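Take a look at the structure below.
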Amino acid sequence: MPLFSWLRRHIVHTKANNHSQAGPGRKVQPEQTHVLDRAVSVNDRIAWFQKQFHDDADVVIQYFTHSCGTPCALLFIRGLIDQETVQKEVLQAALAIEASNTADFCRQMFDEHHLPVTGIQLSPSLNQGLLSILEGHALLLVEGDCRVLDLPVTSYPKRAIDEAPNESVIRGPREAFIENLQVNTTLIRRRLKTPDLKLEYMKIGRHSRTDVAISYVQGICKPELVQEVKRRLSQIELDGIMGSSYIEEFIEDNPYSPFPQMQYTERPDVVCASLLEGRVAILVDGTPIALLAPVTFFMLMQSAEDYYQRFISSTWIRWIRFAFIFISLLLPSTYIAVTTVHPEIIPKRLLITITSSREVVPFPALIEAFMMELAFEALREAAIRIPKSIGQAVSIIGALIIGTAAVQAGIVSAAMVIIVALTGIASFIIPHYDLGLAFRLLRFPIMILAGMYGLIGIACGLILIYLHLLSLRSFGTPYLTPLTPLSFSDWKDTFVRVPWWFMRRRPSLPSTGTQREPKHTRGWAQQEEEDGD
């Protein structure tokens, strides 16, 4: 015990995440134990591990003795390892080793690795062994040898690969990411069978030590983009990372902007397509959501379905999205402006209809719109949070009942109910949830400007939003690319979606601008035309 007291006083605490100071209550101990790293006694080293874990009941210490008389011990955490592998491939295999003495047994175990387990390593220190146990490995200690055998026998519970619930498509693949990082990287590698696909790993979080993978295609992605992503990730200092959204808030360029500056997806096909455009994907263990950087406003307006449908229908759907963005943002404000400040621009018959519907309403149009919009937002949030079996019924029936009752009670006008309903439908058309949420938030200040200054207030609000979008950057890429800076060559996949055989080059800013496909991918059609002539 005096040895351990002296050791604890002289421990040098280091960061689990690169270089930060250890927080209060942190169990990760020194980088080196100096004395016990060279100890050959199993009991002394087991006592050190027990001291680190204190009274943790999940830590299992399995003692056994080889036939040559050598005491051994196996350490692991219950629930993080594969019990069958430990039983058959470790314990039984270790007992089956033919050795006449301890030295011969240690040579076969540590030097020749006679255990049938792949990925076996020697831990350089007890502290590294402690971290390995927390990651789901097993440690094997042998009396008479100071080395520690690190056995990767991790087995986490995981759910099956299913369809992406928030990014459904008609013709595309149905696979989606799950919470296991290894499975997610496998889904990417299955689609991109190239040695240029690179995956770099790091651990973030002092206590969680969450595995984070950075994925990119070498030769397509700009090296400075990869370095910038790694630089920002390496400077994250947090107790734990529970999801990719934690990382997004740390590495986005402008955290005070309502607009998202990173794209998230749970579809491996979307990630692979983005990697082939020169972007970087960030995958986090424990979450099915991957982050993509950089991103532009027009990328967020695209859906995976755009690339699985024919280009004509995809272009038409994109035009509808752009039209309904303005409806989602400006329809209530325009109604407030023309009914409150500019009634003279409304046709006479329509003005009579609107006036007659509002003559019993005791509130001005601005207050009326605020009441209805807030009620709609509450219904939308309730439909998301309550169980799915009743969520749809509550949202639809609640909207119908509340809207009808409000009109009959004379609290709101029928025209305002129609306006709010159309606005809500328009907001659902935006493919990216966070982008739609940004427009929903901006709708309220524009409504205030419309109620105070009419159409001039709306114009001022749009100018401020446009200036803000101009100032945004996503890892150095302007947010409104390719509109500003202007790049006509990239318009082929912005306002329209041209055929695949016409998109010969990759986007210029995120990638190196290399050629995507040969110039004559439909050469057979050209040859048939020449033969017909």
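Naming works like this for the structure tokens: A, B, ... for the chains as they're shown, residue 1 at the start of each chain, ligands 1 onward in shown order.
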
Next on the checklist: Using DSSP secondary structure from the backbone, list all strand (DSSP E or B) positions within stretch 280-443 of chain A, as a ChimeraX atom specification.
Outcome noted: /A:280-284,290-293

Could you dump the residues just selected with N, CA and C atoms as a tab-separated table (two decimals), in the first residue's frame?
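This went into again_14.tsv:
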chain	number	residue	atom	x	y	z
A	280	VAL	N	-15.52	16.38	-47.56
A	280	VAL	CA	-15.03	15.56	-46.44
A	280	VAL	C	-16.22	15.11	-45.62
A	281	ALA	N	-16.22	13.84	-45.23
A	281	ALA	CA	-17.27	13.29	-44.38
A	281	ALA	C	-16.70	13.03	-42.99
A	282	ILE	N	-17.49	13.36	-41.97
A	282	ILE	CA	-17.11	13.12	-40.57
A	282	ILE	C	-18.13	12.17	-39.98
A	283	LEU	N	-17.68	10.99	-39.58
A	283	LEU	CA	-18.54	9.98	-38.99
A	283	LEU	C	-18.19	9.82	-37.52
A	284	VAL	N	-19.20	9.73	-36.69
A	284	VAL	CA	-19.02	9.67	-35.23
A	284	VAL	C	-19.61	8.36	-34.73
A	290	ALA	N	-24.00	11.37	-40.34
A	290	ALA	CA	-22.68	11.79	-40.80
A	290	ALA	C	-22.73	13.25	-41.20
A	291	LEU	N	-21.61	13.96	-41.00
A	291	LEU	CA	-21.49	15.36	-41.38
A	291	LEU	C	-20.69	15.47	-42.67
A	292	LEU	N	-21.09	16.43	-43.51
A	292	LEU	CA	-20.41	16.68	-44.79
A	292	LEU	C	-19.98	18.13	-44.85
A	293	ALA	N	-18.75	18.36	-45.25
A	293	ALA	CA	-18.21	19.72	-45.35
A	293	ALA	C	-17.29	19.80	-46.57

Next on the checklist: Can you pull out the residues contacting A:Ile188? Cut-off 8 Å, using only C-alpha atoms, and skip same-chain residues under 2 positions away; I want them as number ranges by chain.
Outcome noted: A: 184-186, 190-192, 268-269, 271-272

Just the selected residues (N, CA and C atoms), exported as a PDB file, in the first residue's frame, please.
ATOM      1  N   ASN A 184     -20.640   1.583 -40.429  1.00  0.00           N
ATOM      2  CA  ASN A 184     -20.830   2.736 -41.308  1.00  0.00           C
ATOM      3  C   ASN A 184     -19.670   2.895 -42.292  1.00  0.00           C
ATOM      4  N   THR A 185     -18.447   2.735 -41.817  1.00  0.00           N
ATOM      5  CA  THR A 185     -17.307   2.831 -42.735  1.00  0.00           C
ATOM      6  C   THR A 185     -17.315   1.683 -43.744  1.00  0.00           C
ATOM      7  N   THR A 186     -17.815   0.520 -43.334  1.00  0.00           N
ATOM      8  CA  THR A 186     -17.925  -0.600 -44.270  1.00  0.00           C
ATOM      9  C   THR A 186     -18.929  -0.291 -45.376  1.00  0.00           C
ATOM     10  N   ARG A 190     -17.847  -0.292 -49.291  1.00  0.00           N
ATOM     11  CA  ARG A 190     -18.509  -1.193 -50.237  1.00  0.00           C
ATOM     12  C   ARG A 190     -18.923  -0.482 -51.513  1.00  0.00           C
ATOM     13  N   ARG A 191     -19.124   0.830 -51.416  1.00  0.00           N
ATOM     14  CA  ARG A 191     -19.531   1.602 -52.589  1.00  0.00           C
ATOM     15  C   ARG A 191     -18.341   2.239 -53.300  1.00  0.00           C
ATOM     16  N   LEU A 192     -17.307   2.570 -52.572  1.00  0.00           N
ATOM     17  CA  LEU A 192     -16.119   3.178 -53.177  1.00  0.00           C
ATOM     18  C   LEU A 192     -14.955   2.207 -53.034  1.00  0.00           C
ATOM     19  N   PRO A 268     -25.533   6.313 -46.759  1.00  0.00           N
ATOM     20  CA  PRO A 268     -24.158   6.107 -47.249  1.00  0.00           C
ATOM     21  C   PRO A 268     -23.987   6.490 -48.711  1.00  0.00           C
ATOM     22  N   ASP A 269     -25.039   6.388 -49.534  1.00  0.00           N
ATOM     23  CA  ASP A 269     -24.904   6.783 -50.942  1.00  0.00           C
ATOM     24  C   ASP A 269     -24.709   8.288 -51.077  1.00  0.00           C
ATOM     25  N   VAL A 271     -23.212  10.174 -48.808  1.00  0.00           N
ATOM     26  CA  VAL A 271     -21.840  10.421 -48.369  1.00  0.00           C
ATOM     27  C   VAL A 271     -20.859  10.093 -49.488  1.00  0.00           C
ATOM     28  N   CYS A 272     -21.039   8.966 -50.156  1.00  0.00           N
ATOM     29  CA  CYS A 272     -20.125   8.571 -51.226  1.00  0.00           C
ATOM     30  C   CYS A 272     -20.184   9.560 -52.390  1.00  0.00           C
TER      31      CYS A 272
END

Applying 9 Å and only C-alpha atoms, which residues near A:His137 remain after dropping the ones on its own chain fewer than 5 positions away? List them as a short mmCIF file (atom, residue, chain, number, x, y, z; two decimals) with C-alpha atoms, in the first residue's frame.
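The result, stored in selection_20.cif:
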data_model
loop_
_atom_site.label_atom_id
_atom_site.label_comp_id
_atom_site.auth_asym_id
_atom_site.auth_seq_id
_atom_site.Cartn_x
_atom_site.Cartn_y
_atom_site.Cartn_z
CA LEU A 75 -9.34 -8.48 -17.34
CA PHE A 76 -12.36 -7.16 -19.26
CA ILE A 77 -15.63 -5.30 -18.81
CA LEU A 80 -18.30 -4.96 -23.97
CA ILE A 81 -16.61 -8.18 -25.07
CA GLY A 129 -4.14 -1.09 -21.07
CA LEU A 131 -7.89 2.69 -21.97
CA SER A 132 -8.05 -0.53 -23.99
CA ASP A 150 -4.13 -6.50 -25.55
CA LEU A 151 -6.88 -8.66 -27.10
CA PRO A 152 -9.46 -6.90 -29.33
CA VAL A 153 -12.52 -9.01 -28.58
CA THR A 154 -15.02 -6.15 -28.60
#

Checklist entry - Where does DSSP see alpha helix (DSSP H) in stretch 124-264 of chain A, if you list the residues as a PyMOL selection string? => result chain A and resi 126-134+181-191+223-234+244-251

Checklist entry - Separation of atom CA of A:Thr118 and atom CA of A:Leu149, in Å? => result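 So the two atoms, atom CA of A:Thr118 and atom CA of A:Leu149, lie 12.3 Å apart.
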
Item to check | d(atom CA of A:Ile419, atom CA of A:Phe439) in Å | outcome: 15.9 Å

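Using only C-alpha atoms, the protein and nucleic acid residues lying no more than 7 Å from A:Ile241, apart from those fewer than 2 places from it along its own chain, are Ile204, Gly205, Ser208, Thr210, Gly243 and Tyr246 of chain A.
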
For the selection you just gave me, I'd like the residues written to a file as a CSV table (one decimal), in the first residue's frame, keeping N, CA, C and O atoms.
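selection.csv, written as the output of this step:
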chain,number,residue,atom,x,y,z
A,204,ILE,N,-12.3,11.9,-29.5
A,204,ILE,CA,-12.7,13.2,-28.9
A,204,ILE,C,-13.5,13.0,-27.7
A,204,ILE,O,-14.4,12.1,-27.7
A,205,GLY,N,-13.3,13.8,-26.7
A,205,GLY,CA,-14.0,13.7,-25.4
A,205,GLY,C,-13.1,13.1,-24.3
A,205,GLY,O,-12.6,12.0,-24.4
A,208,SER,N,-15.7,10.3,-22.7
A,208,SER,CA,-16.4,9.4,-23.7
A,208,SER,C,-15.4,8.8,-24.6
A,208,SER,O,-15.5,7.7,-25.1
A,210,THR,N,-14.8,9.3,-27.7
A,210,THR,CA,-15.6,8.9,-28.9
A,210,THR,C,-14.7,8.8,-30.1
A,210,THR,O,-14.0,9.7,-30.4
A,243,GLY,N,-23.1,12.8,-30.0
A,243,GLY,CA,-23.6,12.8,-31.4
A,243,GLY,C,-22.8,13.7,-32.2
A,243,GLY,O,-22.0,14.5,-31.8
A,246,TYR,N,-22.8,17.6,-31.7
A,246,TYR,CA,-21.9,18.2,-30.8
A,246,TYR,C,-20.7,18.8,-31.5
A,246,TYR,O,-20.2,19.9,-31.3

Checklist entry - Nearest to A:Ile120: which of A:Glu179, A:Glu98, A:Val90, A:Ile425 is it, counting only C-alpha atoms? => result A:Val90

Would you pick out the contacts of A:Val341 at 12 Å or less, using only C-alpha atoms, so that residues sharing its chain but fewer than 2 positions from it are not included, and give the list as an mmCIF file with all heavy atoms, in the first residue's frame?
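In the end it all went to result16.cif:
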data_model
loop_
_atom_site.group_PDB
_atom_site.id
_atom_site.type_symbol
_atom_site.label_atom_id
_atom_site.label_comp_id
_atom_site.auth_asym_id
_atom_site.auth_seq_id
_atom_site.Cartn_x
_atom_site.Cartn_y
_atom_site.Cartn_z
ATOM 1 N N SER A 333 -45.919 37.458 -44.424
ATOM 2 C CA SER A 333 -45.485 38.853 -44.385
ATOM 3 C C SER A 333 -46.148 39.661 -45.501
ATOM 4 O O SER A 333 -46.543 40.822 -45.280
ATOM 5 C CB SER A 333 -43.960 38.927 -44.523
ATOM 6 O OG SER A 333 -43.329 38.145 -43.535
ATOM 7 N N THR A 334 -46.244 39.069 -46.671
ATOM 8 C CA THR A 334 -46.895 39.778 -47.785
ATOM 9 C C THR A 334 -48.360 40.034 -47.476
ATOM 10 O O THR A 334 -48.887 41.126 -47.758
ATOM 11 C CB THR A 334 -46.756 38.950 -49.073
ATOM 12 O OG1 THR A 334 -45.361 38.674 -49.316
ATOM 13 C CG2 THR A 334 -47.330 39.699 -50.259
ATOM 14 N N TYR A 335 -49.031 39.047 -46.891
ATOM 15 C CA TYR A 335 -50.442 39.238 -46.520
ATOM 16 C C TYR A 335 -50.582 40.360 -45.495
ATOM 17 O O TYR A 335 -51.475 41.219 -45.599
ATOM 18 C CB TYR A 335 -50.995 37.927 -45.969
ATOM 19 C CG TYR A 335 -52.410 38.028 -45.480
ATOM 20 C CD1 TYR A 335 -53.481 37.976 -46.370
ATOM 21 C CD2 TYR A 335 -52.692 38.180 -44.119
ATOM 22 C CE1 TYR A 335 -54.792 38.066 -45.916
ATOM 23 C CE2 TYR A 335 -53.989 38.263 -43.660
ATOM 24 C CZ TYR A 335 -55.030 38.213 -44.560
ATOM 25 O OH TYR A 335 -56.322 38.305 -44.105
ATOM 26 N N ILE A 336 -49.699 40.386 -44.511
ATOM 27 C CA ILE A 336 -49.752 41.446 -43.500
ATOM 28 C C ILE A 336 -49.496 42.808 -44.129
ATOM 29 O O ILE A 336 -50.183 43.801 -43.826
ATOM 30 C CB ILE A 336 -48.727 41.150 -42.384
ATOM 31 C CG1 ILE A 336 -49.111 39.886 -41.627
ATOM 32 C CG2 ILE A 336 -48.609 42.327 -41.421
ATOM 33 C CD1 ILE A 336 -48.043 39.408 -40.660
ATOM 34 N N ALA A 337 -48.515 42.856 -45.030
ATOM 35 C CA ALA A 337 -48.145 44.144 -45.633
ATOM 36 C C ALA A 337 -49.274 44.708 -46.484
ATOM 37 O O ALA A 337 -49.608 45.903 -46.387
ATOM 38 C CB ALA A 337 -46.875 43.971 -46.473
ATOM 39 N N VAL A 338 -49.877 43.872 -47.333
ATOM 40 C CA VAL A 338 -50.897 44.399 -48.257
ATOM 41 C C VAL A 338 -52.214 44.678 -47.554
ATOM 42 O O VAL A 338 -52.983 45.560 -47.985
ATOM 43 C CB VAL A 338 -51.099 43.437 -49.439
ATOM 44 C CG1 VAL A 338 -49.832 43.287 -50.244
ATOM 45 C CG2 VAL A 338 -51.605 42.083 -48.971
ATOM 46 N N THR A 339 -52.526 43.975 -46.481
ATOM 47 C CA THR A 339 -53.790 44.230 -45.783
ATOM 48 C C THR A 339 -53.671 45.351 -44.755
ATOM 49 O O THR A 339 -54.673 45.981 -44.413
ATOM 50 C CB THR A 339 -54.270 42.949 -45.079
ATOM 51 O OG1 THR A 339 -53.251 42.473 -44.199
ATOM 52 C CG2 THR A 339 -54.625 41.876 -46.096
ATOM 53 N N PRO A 343 -53.299 48.443 -48.685
ATOM 54 C CA PRO A 343 -54.557 47.837 -49.177
ATOM 55 C C PRO A 343 -54.940 48.318 -50.573
ATOM 56 O O PRO A 343 -55.742 47.671 -51.250
ATOM 57 C CB PRO A 343 -55.584 48.282 -48.129
ATOM 58 C CG PRO A 343 -55.019 49.531 -47.542
ATOM 59 C CD PRO A 343 -53.537 49.351 -47.556
ATOM 60 N N GLU A 344 -54.339 49.424 -51.036
ATOM 61 C CA GLU A 344 -54.722 49.953 -52.345
ATOM 62 C C GLU A 344 -54.245 49.080 -53.500
ATOM 63 O O GLU A 344 -54.760 49.207 -54.626
ATOM 64 C CB GLU A 344 -54.158 51.370 -52.525
ATOM 65 C CG GLU A 344 -52.633 51.468 -52.563
ATOM 66 C CD GLU A 344 -51.994 51.495 -51.198
ATOM 67 O OE1 GLU A 344 -52.748 51.394 -50.201
ATOM 68 O OE2 GLU A 344 -50.763 51.606 -51.117
ATOM 69 N N ILE A 345 -53.267 48.201 -53.273
ATOM 70 C CA ILE A 345 -52.774 47.363 -54.365
ATOM 71 C C ILE A 345 -53.586 46.085 -54.518
ATOM 72 O O ILE A 345 -53.357 45.321 -55.465
ATOM 73 C CB ILE A 345 -51.288 47.007 -54.158
ATOM 74 C CG1 ILE A 345 -51.107 46.086 -52.951
ATOM 75 C CG2 ILE A 345 -50.445 48.256 -54.004
ATOM 76 C CD1 ILE A 345 -49.680 45.599 -52.766
ATOM 77 N N ILE A 346 -54.522 45.830 -53.617
ATOM 78 C CA ILE A 346 -55.365 44.636 -53.705
ATOM 79 C C ILE A 346 -56.534 44.935 -54.634
ATOM 80 O O ILE A 346 -57.153 46.009 -54.551
ATOM 81 C CB ILE A 346 -55.888 44.219 -52.320
ATOM 82 C CG1 ILE A 346 -54.725 44.051 -51.330
ATOM 83 C CG2 ILE A 346 -56.697 42.938 -52.396
ATOM 84 C CD1 ILE A 346 -55.169 43.722 -49.922
ATOM 85 N N PRO A 364 -55.272 42.914 -35.018
ATOM 86 C CA PRO A 364 -54.670 43.295 -36.302
ATOM 87 C C PRO A 364 -54.053 42.077 -36.991
ATOM 88 O O PRO A 364 -53.832 41.035 -36.371
ATOM 89 C CB PRO A 364 -53.620 44.336 -35.917
ATOM 90 C CG PRO A 364 -53.321 44.075 -34.480
ATOM 91 C CD PRO A 364 -54.588 43.558 -33.880
ATOM 92 N N ALA A 365 -53.747 42.247 -38.275
ATOM 93 C CA ALA A 365 -53.241 41.114 -39.063
ATOM 94 C C ALA A 365 -51.931 40.572 -38.505
ATOM 95 O O ALA A 365 -51.688 39.361 -38.548
ATOM 96 C CB ALA A 365 -53.069 41.545 -40.525
ATOM 97 N N LEU A 366 -51.079 41.451 -37.962
ATOM 98 C CA LEU A 366 -49.795 41.001 -37.442
ATOM 99 C C LEU A 366 -49.985 40.084 -36.242
ATOM 100 O O LEU A 366 -49.379 39.004 -36.166
ATOM 101 C CB LEU A 366 -48.935 42.212 -37.059
ATOM 102 C CG LEU A 366 -47.565 41.899 -36.453
ATOM 103 C CD1 LEU A 366 -46.717 41.100 -37.429
ATOM 104 C CD2 LEU A 366 -46.848 43.186 -36.040
ATOM 105 N N LEU A 449 -41.406 43.394 -39.603
ATOM 106 C CA LEU A 449 -41.055 44.465 -40.539
ATOM 107 C C LEU A 449 -42.201 44.768 -41.483
ATOM 108 O O LEU A 449 -42.455 45.937 -41.819
ATOM 109 C CB LEU A 449 -39.807 44.069 -41.337
ATOM 110 C CG LEU A 449 -38.491 43.992 -40.560
ATOM 111 C CD1 LEU A 449 -37.386 43.456 -41.453
ATOM 112 C CD2 LEU A 449 -38.123 45.366 -40.014
ATOM 113 N N ALA A 450 -42.919 43.721 -41.917
ATOM 114 C CA ALA A 450 -44.057 43.937 -42.816
ATOM 115 C C ALA A 450 -45.178 44.685 -42.111
ATOM 116 O O ALA A 450 -45.839 45.553 -42.706
ATOM 117 C CB ALA A 450 -44.556 42.591 -43.340
ATOM 118 N N GLY A 451 -45.426 44.364 -40.830
ATOM 119 C CA GLY A 451 -46.479 45.067 -40.101
ATOM 120 C C GLY A 451 -46.135 46.519 -39.818
ATOM 121 O O GLY A 451 -47.030 47.359 -39.699
ATOM 122 N N MET A 452 -44.830 46.836 -39.745
ATOM 123 C CA MET A 452 -44.427 48.202 -39.435
ATOM 124 C C MET A 452 -44.218 49.055 -40.691
ATOM 125 O O MET A 452 -44.640 50.218 -40.728
ATOM 126 C CB MET A 452 -43.123 48.181 -38.612
ATOM 127 C CG MET A 452 -43.274 47.503 -37.258
ATOM 128 S SD MET A 452 -41.683 47.351 -36.400
ATOM 129 C CE MET A 452 -41.216 49.057 -36.245
ATOM 130 N N TYR A 453 -43.596 48.488 -41.711
ATOM 131 C CA TYR A 453 -43.219 49.291 -42.885
ATOM 132 C C TYR A 453 -43.767 48.748 -44.208
ATOM 133 O O TYR A 453 -43.443 49.275 -45.268
ATOM 134 C CB TYR A 453 -41.689 49.375 -42.980
ATOM 135 C CG TYR A 453 -41.046 49.871 -41.724
ATOM 136 C CD1 TYR A 453 -40.331 49.009 -40.898
ATOM 137 C CD2 TYR A 453 -41.150 51.211 -41.338
ATOM 138 C CE1 TYR A 453 -39.731 49.456 -39.736
ATOM 139 C CE2 TYR A 453 -40.555 51.667 -40.178
ATOM 140 C CZ TYR A 453 -39.847 50.786 -39.374
ATOM 141 O OH TYR A 453 -39.271 51.237 -38.220
ATOM 142 N N GLY A 454 -44.536 47.690 -44.160
ATOM 143 C CA GLY A 454 -45.137 47.176 -45.381
ATOM 144 C C GLY A 454 -44.114 46.487 -46.279
ATOM 145 O O GLY A 454 -43.179 45.824 -45.816
ATOM 146 N N LEU A 455 -44.308 46.637 -47.589
ATOM 147 C CA LEU A 455 -43.430 45.998 -48.561
ATOM 148 C C LEU A 455 -41.998 46.504 -48.469
ATOM 149 O O LEU A 455 -41.052 45.772 -48.782
ATOM 150 C CB LEU A 455 -43.970 46.210 -49.975
ATOM 151 C CG LEU A 455 -45.344 45.564 -50.265
ATOM 152 C CD1 LEU A 455 -45.792 45.887 -51.689
ATOM 153 C CD2 LEU A 455 -45.273 44.053 -50.069
ATOM 154 N N ILE A 456 -41.824 47.756 -48.054
ATOM 155 C CA ILE A 456 -40.461 48.276 -47.880
ATOM 156 C C ILE A 456 -39.745 47.513 -46.757
ATOM 157 O O ILE A 456 -38.556 47.197 -46.856
ATOM 158 C CB ILE A 456 -40.502 49.778 -47.573
ATOM 159 C CG1 ILE A 456 -41.086 50.539 -48.766
ATOM 160 C CG2 ILE A 456 -39.108 50.298 -47.229
ATOM 161 C CD1 ILE A 456 -41.220 52.019 -48.530
ATOM 162 N N GLY A 457 -40.445 47.189 -45.698
ATOM 163 C CA GLY A 457 -39.860 46.407 -44.617
ATOM 164 C C GLY A 457 -39.476 45.004 -45.079
ATOM 165 O O GLY A 457 -38.429 44.479 -44.690
ATOM 166 N N ILE A 458 -40.334 44.391 -45.918
ATOM 167 C CA ILE A 458 -39.993 43.066 -46.459
ATOM 168 C C ILE A 458 -38.739 43.142 -47.312
ATOM 169 O O ILE A 458 -37.844 42.292 -47.221
ATOM 170 C CB ILE A 458 -41.180 42.509 -47.272
ATOM 171 C CG1 ILE A 458 -42.379 42.261 -46.360
ATOM 172 C CG2 ILE A 458 -40.783 41.229 -47.988
ATOM 173 C CD1 ILE A 458 -43.616 41.763 -47.094
#

Item to check | Non-local contacts of A:His114 (10 Å; only C-alpha atoms; under 4 positions in same chain excluded) as a PyMOL selection string | outcome: chain A and resi 90+93-94+96-97+105+107-110

Quick one: write out the picked residues with C-alpha atoms as a JSON list (two decimals), in the first residue's frame?
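What follows is the written file part-v4.json:
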[["chain", "number", "residue", "atom", "x", "y", "z"],
["A", 90, "VAL", "CA", -8.44, -16.97, -25.31],
["A", 93, "ALA", "CA", -6.34, -21.64, -26.35],
["A", 94, "ALA", "CA", -4.06, -20.34, -23.59],
["A", 96, "ALA", "CA", -3.91, -25.65, -24.56],
["A", 97, "ILE", "CA", -0.44, -24.17, -25.18],
["A", 105, "PHE", "CA", 4.87, -20.09, -22.03],
["A", 107, "ARG", "CA", 7.56, -16.71, -25.34],
["A", 108, "GLN", "CA", 4.65, -18.40, -27.08],
["A", 109, "MET", "CA", 2.13, -15.94, -25.71],
["A", 110, "PHE", "CA", 3.91, -12.61, -26.17]]

Checklist entry - Contacts of stretch 51-66 of chain A at 7 Å or less, counting only C-alpha atoms, minus same-chain residues fewer than 4 places along, as a ChimeraX atom specification? => result /A:27,47,70-78,95
